[in-house]
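Peer 1: PDB, C-alpha atoms and all ligand atoms, saved as run_39.pdb, coming up:
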ATOM      1  CA  MET A  15     220.241 -30.898 -92.351
ATOM      2  CA  VAL A  16     217.559 -31.799 -89.868
ATOM      3  CA  SER A  17     214.097 -31.537 -91.357
ATOM      4  CA  ARG A  18     211.831 -28.849 -90.026
ATOM      5  CA  ALA A  19     209.311 -31.358 -88.730
ATOM      6  CA  ALA A  20     212.000 -33.320 -86.937
ATOM      7  CA  ALA A  21     213.430 -30.176 -85.419
ATOM      8  CA  LEU A  22     210.088 -29.093 -84.062
ATOM      9  CA  ALA A  23     209.182 -32.533 -82.839
ATOM     10  CA  GLY A  24     212.233 -32.183 -80.657
ATOM     11  CA  VAL A  25     211.008 -29.134 -78.811
ATOM     12  CA  ALA A  26     211.582 -30.805 -75.475
ATOM     13  CA  GLY A  27     215.164 -31.346 -76.508
ATOM     14  CA  LEU A  28     217.435 -28.777 -77.988
ATOM     15  CA  VAL A  29     217.373 -29.884 -81.600
ATOM     16  CA  ALA A  30     215.475 -26.778 -82.707
ATOM     17  CA  LEU A  31     218.148 -24.536 -81.245
ATOM     18  CA  ALA A  32     221.013 -26.357 -82.846
ATOM     19  CA  VAL A  33     219.796 -25.946 -86.426
ATOM     20  CA  SER A  34     219.424 -22.765 -88.424
ATOM     21  CA  PRO A  35     217.154 -20.229 -86.728
ATOM     22  CA  LEU A  36     215.108 -20.142 -89.929
ATOM     23  CA  VAL A  37     213.898 -23.651 -89.265
ATOM     24  CA  ALA A  38     211.790 -22.709 -86.281
ATOM     25  CA  GLN A  39     210.620 -19.387 -87.579
ATOM     26  CA  THR A  40     206.968 -20.137 -88.128
ATOM     27  CA  ALA A  41     206.235 -23.031 -85.857
ATOM     28  CA  ARG A  42     202.969 -24.506 -87.067
ATOM     29  CA  PRO A  43     200.445 -25.321 -84.358
ATOM     30  CA  ALA A  44     200.193 -29.002 -85.226
ATOM     31  CA  GLU A  45     203.933 -29.376 -84.794
ATOM     32  CA  LEU A  46     204.165 -28.155 -81.219
ATOM     33  CA  SER A  47     203.874 -30.536 -78.289
ATOM     34  CA  PRO A  48     201.508 -29.479 -75.500
ATOM     35  CA  ASN A  49     203.165 -27.549 -72.678
ATOM     36  CA  GLU A  50     200.704 -25.908 -70.360
ATOM     37  CA  LEU A  51     203.467 -24.646 -68.102
ATOM     38  CA  GLY A  52     204.840 -22.462 -70.897
ATOM     39  CA  ARG A  53     204.755 -18.685 -70.843
ATOM     40  CA  VAL A  54     202.041 -16.411 -72.224
ATOM     41  CA  MET A  55     202.358 -13.025 -73.909
ATOM     42  CA  ILE A  56     200.089 -10.311 -72.526
ATOM     43  CA  LEU A  57     200.416  -7.553 -75.109
ATOM     44  CA  GLU A  58     199.933  -3.924 -74.165
ATOM     45  CA  TYR A  59     198.737  -1.521 -76.837
ATOM     46  CA  HIS A  60     198.171   2.195 -76.431
ATOM     47  CA  LYS A  61     197.068   4.279 -79.410
ATOM     48  CA  VAL A  62     196.090   2.718 -82.722
ATOM     49  CA  ASP A  63     196.504   5.719 -84.986
ATOM     50  CA  HIS A  64     198.897   7.625 -87.254
ATOM     51  CA  PRO A  65     201.831   8.048 -87.353
ATOM     52  CA  GLU A  66     203.735   5.170 -85.754
ATOM     53  CA  GLU A  67     205.334   6.425 -82.527
ATOM     54  CA  ARG A  68     206.496   5.199 -79.151
ATOM     55  CA  TRP A  69     202.911   4.924 -77.875
ATOM     56  CA  THR A  70     201.149   4.531 -81.240
ATOM     57  CA  ARG A  71     200.755   1.532 -83.529
ATOM     58  CA  THR A  72     199.352   2.315 -86.967
ATOM     59  CA  PRO A  73     196.287   0.368 -88.137
ATOM     60  CA  ALA A  74     198.438  -1.340 -90.785
ATOM     61  CA  ASN A  75     201.046  -2.378 -88.238
ATOM     62  CA  PHE A  76     198.403  -3.613 -85.816
ATOM     63  CA  ARG A  77     196.952  -5.799 -88.601
ATOM     64  CA  ARG A  78     200.434  -7.070 -89.338
ATOM     65  CA  ASP A  79     200.969  -7.949 -85.668
ATOM     66  CA  LEU A  80     197.797 -10.043 -85.701
ATOM     67  CA  GLN A  81     198.866 -11.749 -88.912
ATOM     68  CA  ARG A  82     202.334 -12.619 -87.579
ATOM     69  CA  LEU A  83     200.872 -14.018 -84.384
ATOM     70  CA  TRP A  84     198.140 -15.957 -86.188
ATOM     71  CA  GLU A  85     200.640 -17.624 -88.517
ATOM     72  CA  ARG A  86     202.618 -18.820 -85.523
ATOM     73  CA  GLY A  87     199.658 -20.443 -83.826
ATOM     74  CA  TYR A  88     198.729 -17.733 -81.325
ATOM     75  CA  ARG A  89     195.013 -17.394 -80.510
ATOM     76  CA  THR A  90     193.332 -14.766 -78.372
ATOM     77  CA  VAL A  91     192.105 -15.755 -74.942
ATOM     78  CA  ALA A  92     190.149 -13.627 -72.475
ATOM     79  CA  LEU A  93     192.237 -12.414 -69.565
ATOM     80  CA  GLY A  94     189.596 -13.753 -67.174
ATOM     81  CA  ASP A  95     189.845 -17.242 -68.689
ATOM     82  CA  TYR A  96     193.621 -17.129 -68.325
ATOM     83  CA  LEU A  97     193.262 -16.112 -64.662
ATOM     84  CA  ASP A  98     190.828 -18.964 -64.109
ATOM     85  CA  GLY A  99     193.160 -21.419 -65.833
ATOM     86  CA  LYS A 100     190.418 -22.133 -68.380
ATOM     87  CA  ILE A 101     192.327 -21.797 -71.617
ATOM     88  CA  ALA A 102     190.065 -23.522 -74.118
ATOM     89  CA  LEU A 103     192.157 -23.626 -77.282
ATOM     90  CA  ALA A 104     192.758 -26.156 -80.016
ATOM     91  CA  LYS A 105     195.614 -28.561 -79.452
ATOM     92  CA  GLY A 106     198.965 -27.129 -80.463
ATOM     93  CA  THR A 107     197.983 -23.455 -80.244
ATOM     94  CA  THR A 108     199.215 -20.781 -77.853
ATOM     95  CA  PRO A 109     197.142 -18.275 -75.859
ATOM     96  CA  LEU A 110     197.628 -14.584 -76.543
ATOM     97  CA  ILE A 111     196.171 -11.832 -74.383
ATOM     98  CA  LEU A 112     195.514  -8.409 -75.878
ATOM     99  CA  THR A 113     195.190  -5.311 -73.700
ATOM    100  CA  PHE A 114     194.575  -1.701 -74.702
ATOM    101  CA  ASP A 115     195.309   1.110 -72.245
ATOM    102  CA  ASP A 116     193.928   4.641 -71.920
ATOM    103  CA  SER A 117     190.705   4.457 -74.033
ATOM    104  CA  SER A 118     192.077   6.617 -76.847
ATOM    105  CA  PRO A 119     189.854   7.326 -79.896
ATOM    106  CA  GLY A 120     191.613   4.951 -82.304
ATOM    107  CA  GLN A 121     190.869   1.959 -80.106
ATOM    108  CA  PHE A 122     187.116   2.160 -80.658
ATOM    109  CA  ARG A 123     185.562   4.676 -83.026
ATOM    110  CA  TYR A 124     182.189   4.838 -84.726
ATOM    111  CA  VAL A 125     181.843   6.520 -88.109
ATOM    112  CA  GLU A 126     178.614   7.705 -89.668
ATOM    113  CA  LYS A 127     177.554   5.721 -92.695
ATOM    114  CA  ASN A 128     174.245   5.656 -94.543
ATOM    115  CA  GLY A 129     172.578   7.480 -91.673
ATOM    116  CA  GLY A 130     173.778   5.003 -89.034
ATOM    117  CA  TRP A 131     176.850   4.312 -86.935
ATOM    118  CA  GLU A 132     179.399   1.753 -88.027
ATOM    119  CA  ILE A 133     182.601   0.668 -86.344
ATOM    120  CA  ASP A 134     185.556   2.325 -88.037
ATOM    121  CA  PRO A 135     187.369  -0.466 -89.904
ATOM    122  CA  ASP A 136     190.666   1.253 -89.000
ATOM    123  CA  CYS A 137     190.158   1.341 -85.227
ATOM    124  CA  ALA A 138     191.443  -1.489 -83.025
ATOM    125  CA  VAL A 139     187.996  -3.061 -82.525
ATOM    126  CA  GLY A 140     187.259  -2.851 -86.263
ATOM    127  CA  ILE A 141     190.606  -4.363 -87.226
ATOM    128  CA  LEU A 142     190.360  -7.149 -84.683
ATOM    129  CA  GLU A 143     186.848  -8.093 -85.773
ATOM    130  CA  GLN A 144     187.723  -8.015 -89.456
ATOM    131  CA  PHE A 145     190.697 -10.240 -88.717
ATOM    132  CA  GLU A 146     188.421 -12.626 -86.857
ATOM    133  CA  ARG A 147     186.036 -12.780 -89.834
ATOM    134  CA  GLU A 148     188.974 -13.911 -91.965
ATOM    135  CA  HIS A 149     190.382 -16.225 -89.268
ATOM    136  CA  PRO A 150     187.545 -17.271 -86.941
ATOM    137  CA  GLU A 151     189.821 -19.383 -84.752
ATOM    138  CA  PHE A 152     191.839 -16.314 -83.816
ATOM    139  CA  GLY A 153     188.926 -14.894 -81.816
ATOM    140  CA  HIS A 154     188.713 -11.294 -80.685
ATOM    141  CA  ALA A 155     189.314 -11.434 -76.944
ATOM    142  CA  ALA A 156     190.764  -8.207 -75.556
ATOM    143  CA  THR A 157     190.661  -6.068 -72.431
ATOM    144  CA  PHE A 158     190.237  -2.301 -72.577
ATOM    145  CA  TYR A 159     191.728  -0.404 -69.623
ATOM    146  CA  VAL A 160     189.597   2.706 -69.749
ATOM    147  CA  LEU A 161     189.819   6.175 -68.222
ATOM    148  CA  PRO A 162     186.244   7.267 -67.428
ATOM    149  CA  GLY A 163     187.243  10.634 -65.920
ATOM    150  CA  ALA A 164     190.189  11.665 -68.099
ATOM    151  CA  SER A 165     190.237  14.810 -70.211
ATOM    152  CA  PRO A 166     189.494  14.355 -73.904
ATOM    153  CA  PRO A 167     190.589  12.586 -76.005
ATOM    154  CA  ASN A 168     191.148   9.767 -73.497
ATOM    155  CA  ARG A 169     187.762   9.821 -71.812
ATOM    156  CA  LEU A 170     186.119   6.537 -72.819
ATOM    157  CA  PHE A 171     187.225   6.644 -76.465
ATOM    158  CA  ASN A 172     186.280  10.307 -77.003
ATOM    159  CA  GLN A 173     182.835  10.249 -78.581
ATOM    160  CA  PRO A 174     180.752  11.453 -75.596
ATOM    161  CA  ASP A 175     177.356  10.759 -77.166
ATOM    162  CA  LEU A 176     178.353   7.204 -78.018
ATOM    163  CA  VAL A 177     179.973   6.143 -74.738
ATOM    164  CA  GLY A 178     176.980   4.095 -73.573
ATOM    165  CA  LYS A 179     176.681   2.432 -76.969
ATOM    166  CA  LYS A 180     180.368   1.547 -77.002
ATOM    167  CA  LEU A 181     180.507   0.122 -73.497
ATOM    168  CA  ALA A 182     177.360  -1.915 -74.118
ATOM    169  CA  TYR A 183     178.833  -3.179 -77.376
ATOM    170  CA  LEU A 184     182.086  -4.224 -75.700
ATOM    171  CA  LYS A 185     180.203  -6.080 -73.002
ATOM    172  CA  SER A 186     177.831  -7.789 -75.448
ATOM    173  CA  ARG A 187     180.747  -9.025 -77.537
ATOM    174  CA  GLY A 188     182.612 -10.490 -74.585
ATOM    175  CA  TYR A 189     185.374  -7.889 -74.429
ATOM    176  CA  GLU A 190     186.643  -7.134 -70.946
ATOM    177  CA  ILE A 191     186.715  -3.638 -69.490
ATOM    178  CA  GLY A 192     189.423  -3.052 -66.904
ATOM    179  CA  ASN A 193     190.269  -0.444 -64.280
ATOM    180  CA  HIS A 194     193.008   2.033 -65.160
ATOM    181  CA  THR A 195     191.970   4.543 -62.444
ATOM    182  CA  LEU A 196     189.641   7.455 -62.951
ATOM    183  CA  TRP A 197     192.099   9.674 -64.805
ATOM    184  CA  HIS A 198     195.422   7.859 -64.979
ATOM    185  CA  ALA A 199     196.568   8.629 -61.450
ATOM    186  CA  ASN A 200     200.076   7.566 -60.521
ATOM    187  CA  LEU A 201     199.051   5.540 -57.474
ATOM    188  CA  ALA A 202     202.518   5.644 -55.917
ATOM    189  CA  LYS A 203     202.085   9.360 -55.295
ATOM    190  CA  TYR A 204     198.858   9.327 -53.306
ATOM    191  CA  ASP A 205     197.628   8.380 -49.853
ATOM    192  CA  GLU A 206     195.188   5.600 -49.227
ATOM    193  CA  THR A 207     192.072   7.772 -49.502
ATOM    194  CA  VAL A 208     192.943   9.058 -52.955
ATOM    195  CA  VAL A 209     194.076   5.661 -54.223
ATOM    196  CA  ARG A 210     190.830   4.014 -53.172
ATOM    197  CA  LYS A 211     188.747   6.889 -54.530
ATOM    198  CA  GLN A 212     190.466   6.618 -57.932
ATOM    199  CA  LEU A 213     189.747   2.903 -58.156
ATOM    200  CA  LEU A 214     186.188   3.023 -56.851
ATOM    201  CA  GLU A 215     185.071   6.072 -58.809
ATOM    202  CA  ALA A 216     186.377   4.639 -62.083
ATOM    203  CA  GLN A 217     184.006   1.726 -61.535
ATOM    204  CA  GLU A 218     181.111   3.995 -60.560
ATOM    205  CA  TRP A 219     181.566   6.068 -63.714
ATOM    206  CA  VAL A 220     181.398   2.974 -65.898
ATOM    207  CA  GLN A 221     178.332   1.837 -63.945
ATOM    208  CA  ARG A 222     176.469   4.942 -65.119
ATOM    209  CA  HIS A 223     176.500   3.311 -68.548
ATOM    210  CA  LEU A 224     176.508  -0.341 -67.494
ATOM    211  CA  PRO A 225     174.457  -0.760 -64.312
ATOM    212  CA  GLY A 226     175.972  -3.233 -61.868
ATOM    213  CA  PHE A 227     179.251  -3.433 -63.782
ATOM    214  CA  ARG A 228     182.320  -4.602 -61.820
ATOM    215  CA  PHE A 229     185.920  -4.477 -62.954
ATOM    216  CA  ARG A 230     187.780  -7.736 -62.604
ATOM    217  CA  THR A 231     191.315  -6.491 -63.239
ATOM    218  CA  LEU A 232     193.437  -3.363 -62.805
ATOM    219  CA  ALA A 233     196.255  -2.111 -65.028
ATOM    220  CA  LEU A 234     198.445   0.278 -63.070
ATOM    221  CA  PRO A 235     199.011   3.658 -64.747
ATOM    222  CA  MET A 236     202.748   3.851 -65.422
ATOM    223  CA  GLY A 237     203.075   0.533 -63.632
ATOM    224  CA  SER A 238     203.117   2.324 -60.260
ATOM    225  CA  TYR A 239     201.903   0.351 -57.267
ATOM    226  CA  PRO A 240     200.409   2.196 -54.312
ATOM    227  CA  LYS A 241     202.344   2.041 -51.026
ATOM    228  CA  GLU A 242     200.196  -0.878 -49.870
ATOM    229  CA  LEU A 243     199.221  -3.594 -52.346
ATOM    230  CA  ALA A 244     195.971  -4.185 -50.431
ATOM    231  CA  TRP A 245     194.655  -0.748 -51.415
ATOM    232  CA  ALA A 246     194.740  -1.830 -55.060
ATOM    233  CA  ILE A 247     193.112  -5.204 -54.544
ATOM    234  CA  SER A 248     189.793  -4.360 -52.941
ATOM    235  CA  GLY A 249     187.924  -1.580 -51.219
ATOM    236  CA  GLY A 250     184.848   0.590 -51.103
ATOM    237  CA  PRO A 251     181.453  -0.123 -49.588
ATOM    238  CA  GLN A 252     180.415  -3.708 -48.952
ATOM    239  CA  GLY A 253     178.671  -5.147 -51.987
ATOM    240  CA  ALA A 254     179.366  -2.095 -54.120
ATOM    241  CA  GLY A 255     183.115  -1.832 -53.847
ATOM    242  CA  TYR A 256     185.935  -2.798 -56.167
ATOM    243  CA  ARG A 257     187.762  -6.115 -56.190
ATOM    244  CA  HIS A 258     190.571  -6.937 -58.605
ATOM    245  CA  ASP A 259     191.563 -10.532 -59.228
ATOM    246  CA  ALA A 260     194.673  -9.417 -61.070
ATOM    247  CA  ILE A 261     196.939  -6.391 -61.350
ATOM    248  CA  LEU A 262     198.878  -5.768 -64.550
ATOM    249  CA  MET A 263     202.190  -3.983 -64.819
ATOM    250  CA  VAL A 264     203.491  -2.088 -67.865
ATOM    251  CA  ALA A 265     206.541  -4.235 -68.566
ATOM    252  CA  GLY A 266     208.356  -7.386 -67.521
ATOM    253  CA  GLY A 267     208.171  -9.730 -70.512
ATOM    254  CA  ALA A 268     206.081 -12.854 -70.969
ATOM    255  CA  ALA A 269     203.851 -13.990 -68.111
ATOM    256  CA  LEU A 270     203.866 -17.326 -66.324
ATOM    257  CA  SER A 271     201.294 -19.962 -67.100
ATOM    258  CA  PRO A 272     198.342 -19.723 -64.721
ATOM    259  CA  HIS A 273     199.091 -23.359 -63.873
ATOM    260  CA  ALA A 274     202.690 -22.667 -62.855
ATOM    261  CA  ARG A 275     203.930 -22.551 -59.319
ATOM    262  CA  GLY A 276     204.927 -18.961 -58.691
ATOM    263  CA  PHE A 277     202.066 -17.537 -60.782
ATOM    264  CA  ASP A 278     201.276 -14.203 -59.120
ATOM    265  CA  PRO A 279     198.126 -12.520 -60.444
ATOM    266  CA  TYR A 280     198.878  -9.294 -58.552
ATOM    267  CA  HIS A 281     202.107  -8.754 -60.478
ATOM    268  CA  LEU A 282     201.368  -9.749 -64.062
ATOM    269  CA  PRO A 283     204.013  -8.593 -66.521
ATOM    270  CA  ARG A 284     203.138  -7.307 -69.981
ATOM    271  CA  ILE A 285     204.915  -6.833 -73.288
ATOM    272  CA  GLN A 286     204.601  -3.419 -74.899
ATOM    273  CA  ALA A 287     203.423  -3.964 -78.448
ATOM    274  CA  THR A 288     205.990  -1.815 -80.184
ATOM    275  CA  GLU A 289     207.800  -2.958 -83.320
ATOM    276  CA  ALA A 290     210.962  -3.648 -81.343
ATOM    277  CA  GLU A 291     209.568  -5.252 -78.211
ATOM    278  CA  LEU A 292     206.890  -7.367 -79.860
ATOM    279  CA  GLY A 293     209.390  -8.386 -82.527
ATOM    280  CA  TYR A 294     211.843  -9.409 -79.827
ATOM    281  CA  TRP A 295     209.320 -11.661 -78.096
ATOM    282  CA  ILE A 296     207.915 -13.240 -81.260
ATOM    283  CA  ASN A 297     211.471 -14.061 -82.216
ATOM    284  CA  HIS A 298     212.237 -15.294 -78.704
ATOM    285  CA  PHE A 299     209.478 -17.889 -78.867
ATOM    286  CA  ASP A 300     210.317 -18.791 -82.478
ATOM    287  CA  GLN A 301     213.789 -19.689 -81.264
ATOM    288  CA  ARG A 302     212.611 -21.361 -78.052
ATOM    289  CA  PRO A 303     209.265 -23.004 -78.813
ATOM    290  CA  ASP A 304     209.674 -25.161 -75.715
ATOM    291  CA  GLU A 305     209.166 -22.039 -73.546
ATOM    292  CA  ARG A 306     205.761 -21.306 -75.070
ATOM    293  CA  TYR A 307     202.455 -22.267 -73.531
ATOM    294  CA  VAL A 308     201.013 -24.814 -75.955
ATOM    295  CA  SER A 309     197.501 -26.125 -75.388
ATOM    296  CA  ASP A 310     196.654 -29.823 -75.169
ATOM    297  CA  GLY A 311     193.169 -29.138 -76.546
ATOM    298  CA  ASP A 312     191.409 -30.241 -73.350
ATOM    299  CA  VAL A 313     190.469 -27.564 -70.836
ATOM    300  CA  ALA A 314     190.009 -30.178 -68.097
ATOM    301  CA  THR A 315     193.617 -31.352 -68.149
ATOM    302  CA  VAL A 316     196.961 -29.640 -67.660
ATOM    303  CA  THR A 317     199.604 -31.266 -69.828
ATOM    304  CA  VAL A 318     203.196 -30.601 -68.843
ATOM    305  CA  PRO A 319     206.564 -31.793 -70.132
ATOM    306  CA  GLY A 320     208.049 -34.939 -68.632
ATOM    307  CA  GLY A 321     209.361 -34.480 -65.093
ATOM    308  CA  LYS A 322     207.587 -31.154 -64.573
ATOM    309  CA  THR A 323     204.543 -32.180 -62.557
ATOM    310  CA  ALA A 324     206.058 -30.671 -59.410
ATOM    311  CA  MET A 325     206.046 -27.276 -61.142
ATOM    312  CA  VAL A 326     202.245 -27.211 -61.325
ATOM    313  CA  ARG A 327     200.369 -25.063 -58.812
ATOM    314  CA  PRO A 328     198.243 -27.002 -56.352
ATOM    315  CA  PRO A 329     195.386 -28.212 -58.518
ATOM    316  CA  GLY A 330     192.195 -26.259 -58.948
ATOM    317  CA  GLY A 331     190.266 -29.258 -60.217
ATOM    318  CA  ALA A 332     192.303 -29.873 -63.364
ATOM    319  CA  ARG A 333     194.001 -33.208 -63.970
ATOM    320  CA  VAL A 334     197.738 -33.040 -64.581
ATOM    321  CA  LEU A 335     199.160 -35.172 -67.388
ATOM    322  CA  GLU A 336     202.866 -35.529 -67.846
ATOM    323  CA  ARG A 337     204.002 -35.655 -71.471
ATOM    324  CA  ALA A 338     206.422 -38.447 -72.222
ATOM    325  CA  SER A 339     209.837 -36.887 -72.687
ATOM    326  CA  ARG A 340     211.524 -37.521 -76.011
TER
HETATM  327 ZN    ZN B   1     197.885   4.147 -69.228
END
Just give me the structure of the file as structure tokens.
Peer 2:
Amino acid sequence: MVSRAAALAGVAGLVALAVSPLVAQTARPAELSPNELGRVMILEYHKVDHPEERWTRTPANFRRDLQRLWERGYRTVALGDYLDGKIALAKGTTPLILTFDDSSPGQFRYVEKNGGWEIDPDCAVGILEQFEREHPEFGHAATFYVLPGASPPNRLFNQPDLVGKKLAYLKSRGYEIGNHTLWHANLAKYDETVVRKQLLEAQEWVQRHLPGFRFRTLALPMGSYPKELAWAISGGPQGAGYRHDAILMVAGGAALSPHARGFDPYHLPRIQATEAELGYWINHFDQRPDERYVSDGDVATVTVPGGKTAMVRPPGGARVLERASR
């Protein structure tokens, strides 16, 4: 029987695959060799509410997801930092990107307590922040793809009097707010004028609460691209228009490392955080830890497995280090 430590030390080889699957089940951060060409999970949540359904994760299950990911060395990273290739994590840990679509009430809810407003401990923001208090290294980075012009209950988390307070809170805490169109328009169905209006007006509606606010990323409703990709990337009046550095799909599995050749920010795949799909991918990386992005602990260098330097995208200022192969 190969020891667990020995199996994991052999991530570059195939030792971990040859032994019992149980061996690799909870790969501890310190045991993983850096691989900054590995893949990254961008999780896609919808409702956090009761009961558990196709588009709903219960608060208890959401907490459990965070726990499972934490134990395996995943740490939240802001989508913008991932896009910039600035993944500042401790050595041996893996970036995790959380996204929440459709601004439903259970994602961010205030409840009245002692004459004031408190964040509901059972909404996504409340759960994430409580988890961070217990595990500070996990962080709380997340992007909320909001619908500013949708009908209730999906209009900006559904507490009309508290919309400004919520958006300001998200911004002050470093959460990202992303474009999901004004009211969940299927962009494949519309002409250029409507597509651009949906994307620009969503930003203008958020600006009513956050002056000067600009979206950085777009998540496509239903994953539908408009007829021309350019319509989705940028538009509107000079200086006051929209510009998306990345476009997220609704499916497609784990995403490429931002350092990898072939990284395409306009077609970023996501993993739907359902019991089955998230479970599949957690298990996938438990079985194949060598496919995971694992940080080298230094944001200024890109550490890759032996022989893989040619797979790195033309450098954006980072130094590439090749790990000795074992
Ligand atoms: Zn949506």
Peer 1: Throw together the list of residues within 7 Å of ligand ZN 1 (chain B), counting only C-alpha atoms and all ligand atoms, and drop it here as number ranges by chain.
Peer 2: A: 115-116, 194, 198, 235-236
Peer 1: Mind pulling up the distance from atom CA of A:Leu335 to atom CA of A:Thr90?
Peer 2: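 Separation between atom CA of A:Thr90 and atom CA of A:Leu335: 23.9 Å.
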Peer 1: Translate the PyMOL selection byres (((chain A and resi 77) around 10) and not hetatm), as applied to the file shown, into an explicit residue set as a list in words.
Peer 2: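 That expression, the PyMOL selection byres (((chain A and resi 77) around 10) and not hetatm), corresponds here to Arg71, Thr72, Pro73, Ala74, Asn75, Phe76, Arg78, Asp79, Leu80, Gln81, Arg82, Asp136, Ala138, Ile141, Leu142, Gln144 and Phe145 of chain A.
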Peer 1: Just to be explicit: take each residue in the selection above, keep C-alpha atoms, and write the result as a PDB file, in the frame of the given file.
Peer 2:
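Output contents, as saved in selection.pdb:
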ATOM      1  CA  ARG A  71     200.755   1.532 -83.529  1.00  0.00           C
ATOM      2  CA  THR A  72     199.352   2.315 -86.967  1.00  0.00           C
ATOM      3  CA  PRO A  73     196.287   0.368 -88.137  1.00  0.00           C
ATOM      4  CA  ALA A  74     198.438  -1.340 -90.785  1.00  0.00           C
ATOM      5  CA  ASN A  75     201.046  -2.378 -88.238  1.00  0.00           C
ATOM      6  CA  PHE A  76     198.403  -3.613 -85.816  1.00  0.00           C
ATOM      7  CA  ARG A  78     200.434  -7.070 -89.338  1.00  0.00           C
ATOM      8  CA  ASP A  79     200.969  -7.949 -85.668  1.00  0.00           C
ATOM      9  CA  LEU A  80     197.797 -10.043 -85.701  1.00  0.00           C
ATOM     10  CA  GLN A  81     198.866 -11.749 -88.912  1.00  0.00           C
ATOM     11  CA  ARG A  82     202.334 -12.619 -87.579  1.00  0.00           C
ATOM     12  CA  ASP A 136     190.666   1.253 -89.000  1.00  0.00           C
ATOM     13  CA  ALA A 138     191.443  -1.489 -83.025  1.00  0.00           C
ATOM     14  CA  ILE A 141     190.606  -4.363 -87.226  1.00  0.00           C
ATOM     15  CA  LEU A 142     190.360  -7.149 -84.683  1.00  0.00           C
ATOM     16  CA  GLN A 144     187.723  -8.015 -89.456  1.00  0.00           C
ATOM     17  CA  PHE A 145     190.697 -10.240 -88.717  1.00  0.00           C
TER      18      PHE A 145
END
Peer 1: Produce a table with one row for each residue of stretch 88-167 of chain A that has an atom at most 12 Å from any atom of stretch 56-64 of chain A, each row naming the nearest atom pair and its distance in Å at one decimal; use all atoms listed in the file; arrange rows by chain and rising residue number; format as JSON lines.
Peer 2:
{"residue": "A:Tyr88", "atom": "CA", "partner": "A:Ile56", "partner_atom": "CA", "distance": 11.6}
{"residue": "A:Arg89", "atom": "CA", "partner": "A:Ile56", "partner_atom": "CA", "distance": 11.8}
{"residue": "A:Thr90", "atom": "CA", "partner": "A:Ile56", "partner_atom": "CA", "distance": 10.0}
{"residue": "A:Val91", "atom": "CA", "partner": "A:Ile56", "partner_atom": "CA", "distance": 10.0}
{"residue": "A:Ala92", "atom": "CA", "partner": "A:Ile56", "partner_atom": "CA", "distance": 10.5}
{"residue": "A:Leu93", "atom": "CA", "partner": "A:Ile56", "partner_atom": "CA", "distance": 8.7}
{"residue": "A:Tyr96", "atom": "CA", "partner": "A:Ile56", "partner_atom": "CA", "distance": 10.3}
{"residue": "A:Leu97", "atom": "CA", "partner": "A:Ile56", "partner_atom": "CA", "distance": 11.9}
{"residue": "A:Thr108", "atom": "CA", "partner": "A:Ile56", "partner_atom": "CA", "distance": 11.8}
{"residue": "A:Pro109", "atom": "CA", "partner": "A:Ile56", "partner_atom": "CA", "distance": 9.1}
{"residue": "A:Leu110", "atom": "CA", "partner": "A:Ile56", "partner_atom": "CA", "distance": 6.4}
{"residue": "A:Ile111", "atom": "CA", "partner": "A:Ile56", "partner_atom": "CA", "distance": 4.6}
{"residue": "A:Leu112", "atom": "CA", "partner": "A:Leu57", "partner_atom": "CA", "distance": 5.0}
{"residue": "A:Thr113", "atom": "CA", "partner": "A:Glu58", "partner_atom": "CA", "distance": 5.0}
{"residue": "A:Phe114", "atom": "CA", "partner": "A:Tyr59", "partner_atom": "CA", "distance": 4.7}
{"residue": "A:Asp115", "atom": "CA", "partner": "A:His60", "partner_atom": "CA", "distance": 5.2}
{"residue": "A:Asp116", "atom": "CA", "partner": "A:His60", "partner_atom": "CA", "distance": 6.7}
{"residue": "A:Ser117", "atom": "CA", "partner": "A:His60", "partner_atom": "CA", "distance": 8.2}
{"residue": "A:Ser118", "atom": "CA", "partner": "A:Lys61", "partner_atom": "CA", "distance": 6.1}
{"residue": "A:Pro119", "atom": "CA", "partner": "A:Lys61", "partner_atom": "CA", "distance": 7.8}
{"residue": "A:Gly120", "atom": "CA", "partner": "A:Val62", "partner_atom": "CA", "distance": 5.0}
{"residue": "A:Gln121", "atom": "CA", "partner": "A:Val62", "partner_atom": "CA", "distance": 5.9}
{"residue": "A:Phe122", "atom": "CA", "partner": "A:Val62", "partner_atom": "CA", "distance": 9.2}
{"residue": "A:Arg123", "atom": "CA", "partner": "A:Val62", "partner_atom": "CA", "distance": 10.7}
{"residue": "A:Asp134", "atom": "CA", "partner": "A:Val62", "partner_atom": "CA", "distance": 11.8}
{"residue": "A:Pro135", "atom": "CA", "partner": "A:Val62", "partner_atom": "CA", "distance": 11.7}
{"residue": "A:Asp136", "atom": "CA", "partner": "A:Asp63", "partner_atom": "CA", "distance": 8.4}
{"residue": "A:Cys137", "atom": "CA", "partner": "A:Val62", "partner_atom": "CA", "distance": 6.6}
{"residue": "A:Ala138", "atom": "CA", "partner": "A:Val62", "partner_atom": "CA", "distance": 6.3}
{"residue": "A:Val139", "atom": "CA", "partner": "A:Val62", "partner_atom": "CA", "distance": 9.9}
{"residue": "A:Gly140", "atom": "CA", "partner": "A:Val62", "partner_atom": "CA", "distance": 11.0}
{"residue": "A:Ile141", "atom": "CA", "partner": "A:Val62", "partner_atom": "CA", "distance": 10.0}
{"residue": "A:Leu142", "atom": "CA", "partner": "A:Val62", "partner_atom": "CA", "distance": 11.6}
{"residue": "A:Ala155", "atom": "CA", "partner": "A:Ile56", "partner_atom": "CA", "distance": 11.7}
{"residue": "A:Ala156", "atom": "CA", "partner": "A:Leu57", "partner_atom": "CA", "distance": 9.7}
{"residue": "A:Thr157", "atom": "CA", "partner": "A:Glu58", "partner_atom": "CA", "distance": 9.7}
{"residue": "A:Phe158", "atom": "CA", "partner": "A:Tyr59", "partner_atom": "CA", "distance": 9.5}
{"residue": "A:Tyr159", "atom": "CA", "partner": "A:His60", "partner_atom": "CA", "distance": 9.7}
{"residue": "A:Val160", "atom": "CA", "partner": "A:His60", "partner_atom": "CA", "distance": 10.9}
{"residue": "A:Pro167", "atom": "CA", "partner": "A:Lys61", "partner_atom": "CA", "distance": 11.1}
